[in-house]
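Engineer: After the structure tokens below, expect a handful of questions from me.
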There are 2 protein chains.
Amino acid sequence: MEISTLGEFGLIRRLTQDIELKNAETLKGVGDDCAVLNFGSEEHDVLVTTDLLMEGVHFDLTYMPLKHLGYKAAQVNFSDVYAMGGMPKQITVSLALGRRFTVEDMDEFYAGLRLACDAHCVDIVGGDTTSSRTGLAISITCIGEVEKGKAVLRSGARPTDLICVTGDLGAAYMGLQLLERENHVYYQQLEEARKKDANATIDFQPDFAGREYLLERQMRPEARRDIILKLREMGICPTSMMDVSDGLSSELLHICHESGVGCRVFEERIPLDYQTAVMAEELNMNVTTCALNGGEDYELLFTVPLTDHEKMEQMEGVRLICHITEASLGQMLVTRDGQEFQLKAQGWQAFDGEKEE
Amino acid sequence: MEISTLGEFGLIRRLTQDIELKNAETLKGVGDDCAVLNFGSEEHDVLVTTDLLMEGVHFDLTYMPLKHLGYKAAQVNFSDVYAMGGMPKQITVSLALGRRFTVEDMDEFYAGLRLACDAHCVDIVGGDTTSSRTGLAISITCIGEVEKGKAVLRSGARPTDLICVTGDLGAAYMGLQLLERENHVYYQQLEEARKKDANATIDFQPDFAGREYLLERQMRPEARRDIILKLREMGICPTSMMDVSDGLSSELLHICHESGVGCRVFEERIPLDYQTAVMAEELNMNVTTCALNGGEDYELLFTVPLTDHEKMEQMEGVRLICHITEASLGQMLVTRDGQEFQLKAQGWQAFDGEKEE
């Protein structure tokens, strides 16, 4: 059977569904942003998350400088720890390097990695460095801590809970579209020039004017430590939480599935940046579809009890996008013109064929 | 600068040498078999180790079935936790898969992985599954626990300490040579057959008779949980320890470097299996060189105070290969005919040019 038949989540379910946890130290295994462990501490549980990034699949070095890549690879892992309500403390970093990489390349990668670690007070405590027959592979594991028994799982959302999302969505995806477009233009111009002179080089300036925010969101994401600190300060305990890495739709469906609930999300409440909207229009894309399915936002999606409504209204940088319902009501998107659609998480291509407008 | 100029250990040193640890929860960072962490437990410290295995570099699927690969990938990580005197408790498993892999392949890999986890009482608690443009990449992180303050580092060896090694050495390397030889013979025969018929297949039976132990050591290593349990039972606390993954020479030099000491190792005391010796002779290799530099043995190398001499003599499956000296005396190998050589860790090829006999 081809792996694409099951997809990533289907494969993981198949491989891990009947795993029985053997150790009392394992509180939560596969199935959330982090595993939750405890080794005899009365104060803190331990969180563990890991990511494997492959060249040509997760990043393209033609437009991703190694320093940014190091920065982003670290942030992506911190984000998973924040998504449990915890604080990242350590990372291990494993790299497999093709022959074309130099020591200076690795200095660059580590410079970005360390910048991210310094900003989030995280120690680099180990790793593995090896060669690769082909491209670059990066595996980062992040260890974090959370107050004992207080890890926020995906499974705690209850009907009437409010659904909140931080920042704005879809910009990282628009940033990627922009980079790919300019990259395409570059190769077109180069090809033209080489029709006249086979060794021609061109002086190409990509057109990023007025799109800086989109690039920043794609190349320099910031995991939301600030939100976790703010929630603690305000005494708000989310009932469920995860980070938005695969797109809002996908993450909402995960929370609903794990919690056994439904949801109603209002299209008009989904937070969008002006540049995201402009870019989507320019590319003739539906901006809501981008926000729902774009991915790589690394914002936090969480639910809070209805009684926290007033507190949440006061909290800056967080948008209430609506509420959790009984499971029987399904997972619904209410469009600007009042129509209701079943939320889907099929990624851009599949979703595009059935867009709402 | 090319990465080969520095080598793996040189590169890691360059990238991590000036890292300052920021968190009180980080007790030991880069530089040992595991990092050592504590999150407020009075009982246990937490150990973390990680490995990244790349197809074509660390394994060859022509002769490594996926079930064995899963089994070995897990054991290799457990071994690093035992090498700190700890017990592995959880692993995360990340896989990047090329298009040629099927769901059934992954079932096989996980079957091996779970067999190893069951035998060592380890939970699979997370991971990441993604696609790869090329071959298979496997990243495993193992979390373990050790009694608070009792992690055995590489840096505790003192002059007069006894150097001990478990099991026997060089067999895994001989197993690899055997697999590569038979693989070579297969392709030779296939090529011959195809000179006559371009679509020919051959019924090839590799000749492994009497070499089963070597194959087992290469394809089905067992991390030495038994030794750690035995040491605890006998009340022996090693002063330093690591696992033998890169070869005895390399590991001894690590312990000497980290502890600031020298050592004297007697060639005649290095534990060898009969099949290893026979195979080395057949391949016209120096068996001591194989044992010193072969790697992938996953045995434990450790030092104990001289006062534990009697206890160690009684312990089965452990060989005293000699003792730690002052740093000024260097790291020496004493050959069977009484000559002394400086220990080197340059891998097989480099070492071969300067072999002792």
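Letters A, B, ... go to the chains of the structure tokens in the order shown; residues in each chain start at 1; ligands are counted from 1 in the same order.
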Check every residue of chain A for an atom within 6 Å of chain B, counting only C-alpha atoms, and provide those that qualify as a ChimeraX atom specification.
Structural biologist: /A:1-3,21,29-30,35,40-41,50-51,102-103,123,125-128
Engineer: Excluding region 154-167 of chain B and residues on its chain fewer than 5 positions from it, collect all residues at most 6 Å away from it, counting only C-alpha atoms, and give them as a PyMOL selection string.
Structural biologist: chain B and resi 239-241+255+258-259+299-306+317-326
Engineer: What lies within 8 Å of Met332 (chain B) using only C-alpha atoms, ignoring chain neighbours under 5 positions off, as a PyMOL selection string?
Structural biologist: chain B and resi 262-265+340-343
Engineer: Based on the selection just made, write C-alpha atoms of those residues as a PDB file, in the first residue's frame.
Structural biologist:
```
ATOM      1  CA  GLY B 262      46.317   8.395  30.302  1.00  0.00           C
ATOM      2  CA  CYS B 263      45.763   4.654  29.903  1.00  0.00           C
ATOM      3  CA  ARG B 264      47.569   1.414  29.225  1.00  0.00           C
ATOM      4  CA  VAL B 265      45.659  -1.264  27.372  1.00  0.00           C
ATOM      5  CA  GLU B 340      54.057   0.070  23.045  1.00  0.00           C
ATOM      6  CA  PHE B 341      52.079   2.171  20.597  1.00  0.00           C
ATOM      7  CA  GLN B 342      50.155   5.393  20.982  1.00  0.00           C
ATOM      8  CA  LEU B 343      46.430   4.631  20.631  1.00  0.00           C
TER       9      LEU B 343
END
```
Engineer: Give me, as a VMD selection string, the residues of region 174-349 of chain B that a backbone DSSP run labels strand (DSSP E).
Structural biologist: chain B and resid 240 to 244 261 to 266 299 to 304 318 to 326 331 to 334 340 to 342
Engineer: Just the residues within 12 Å of Val278 (chain B), please, counting only C-alpha atoms, with nothing from its chain fewer than 5 positions along; format it as a PyMOL selection string.
Structural biologist: chain B and resi 170-171+174-175+178+210-211+213-214+272-273+283-287
Engineer: What lies within 9 Å of Leu231 (chain A) using only C-alpha atoms, ignoring chain neighbours under 6 positions off, as a PyMOL selection string?
Structural biologist: chain A and resi 237-238+315
Engineer: Could those residues be written to a file, using C-alpha atoms, as an mmCIF file, in the first residue's frame?
Structural biologist:
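Output below, filename again-v7.cif:
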```cif
data_model
loop_
_atom_site.group_PDB
_atom_site.id
_atom_site.type_symbol
_atom_site.label_atom_id
_atom_site.label_comp_id
_atom_site.auth_asym_id
_atom_site.auth_seq_id
_atom_site.Cartn_x
_atom_site.Cartn_y
_atom_site.Cartn_z
ATOM 1 C CA CYS A 237 -6.098 28.326 31.885
ATOM 2 C CA PRO A 238 -7.008 27.241 28.344
ATOM 3 C CA MET A 315 -6.194 40.543 25.880
#
```
Engineer: Fewer than 6 positions away in the same chain doesn't count, so skip those; otherwise give me all residues within 12 Å of region 185-196 of chain A, counting only C-alpha atoms, as a list in words.
Structural biologist: Thr62, Tyr63, Leu178, Leu179, Ile202, Asp203, Phe204, Gln205, Pro206 and Asp207 of chain A
Engineer: Write out as a list in words the residues lying within 10 Å of Gly295 (chain B), counting only C-alpha atoms and excluding same-chain residues fewer than 3 positions away.
Structural biologist: Leu169, Gly170, Ala171, Ala172, Tyr173, Met174, Gln218, Val244, Ser245, Asp246, Gly247, Leu248, Ser249, Ser250, Glu251, Cys290, Ala291, Leu292, Tyr298, Glu299, Gly347 and Trp348 of chain B
Engineer: As a PyMOL selection string, list the residues of region 107-139 of chain A assigned to helix (DSSP H, G or I) by DSSP on the backbone atoms of this structure.
Structural biologist: chain A and resi 107-119
Engineer: Deliver the residues from the most recent selection as a file, using C-alpha atoms, as a PDB file, in the first residue's frame.
Structural biologist:
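And here's out-v9.pdb as it stands now:
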```pdb
ATOM      1  CA  ASP A 107      28.409  28.490  11.475  1.00  0.00           C
ATOM      2  CA  GLU A 108      25.531  30.364   9.816  1.00  0.00           C
ATOM      3  CA  PHE A 109      22.982  27.707  10.701  1.00  0.00           C
ATOM      4  CA  TYR A 110      24.142  27.664  14.316  1.00  0.00           C
ATOM      5  CA  ALA A 111      24.119  31.467  14.493  1.00  0.00           C
ATOM      6  CA  GLY A 112      20.396  31.416  13.690  1.00  0.00           C
ATOM      7  CA  LEU A 113      19.768  28.524  16.033  1.00  0.00           C
ATOM      8  CA  ARG A 114      21.525  30.258  18.904  1.00  0.00           C
ATOM      9  CA  LEU A 115      19.750  33.544  18.281  1.00  0.00           C
ATOM     10  CA  ALA A 116      16.419  31.737  18.688  1.00  0.00           C
ATOM     11  CA  CYS A 117      17.659  29.831  21.754  1.00  0.00           C
ATOM     12  CA  ASP A 118      18.909  33.013  23.414  1.00  0.00           C
ATOM     13  CA  ALA A 119      15.592  34.780  22.850  1.00  0.00           C
TER      14      ALA A 119
END
```
Engineer: Provide the CA of Leu176 (chain A) to CA of Arg225 (chain A) distance in Å, to one decimal place.
Structural biologist: 24.0 Å
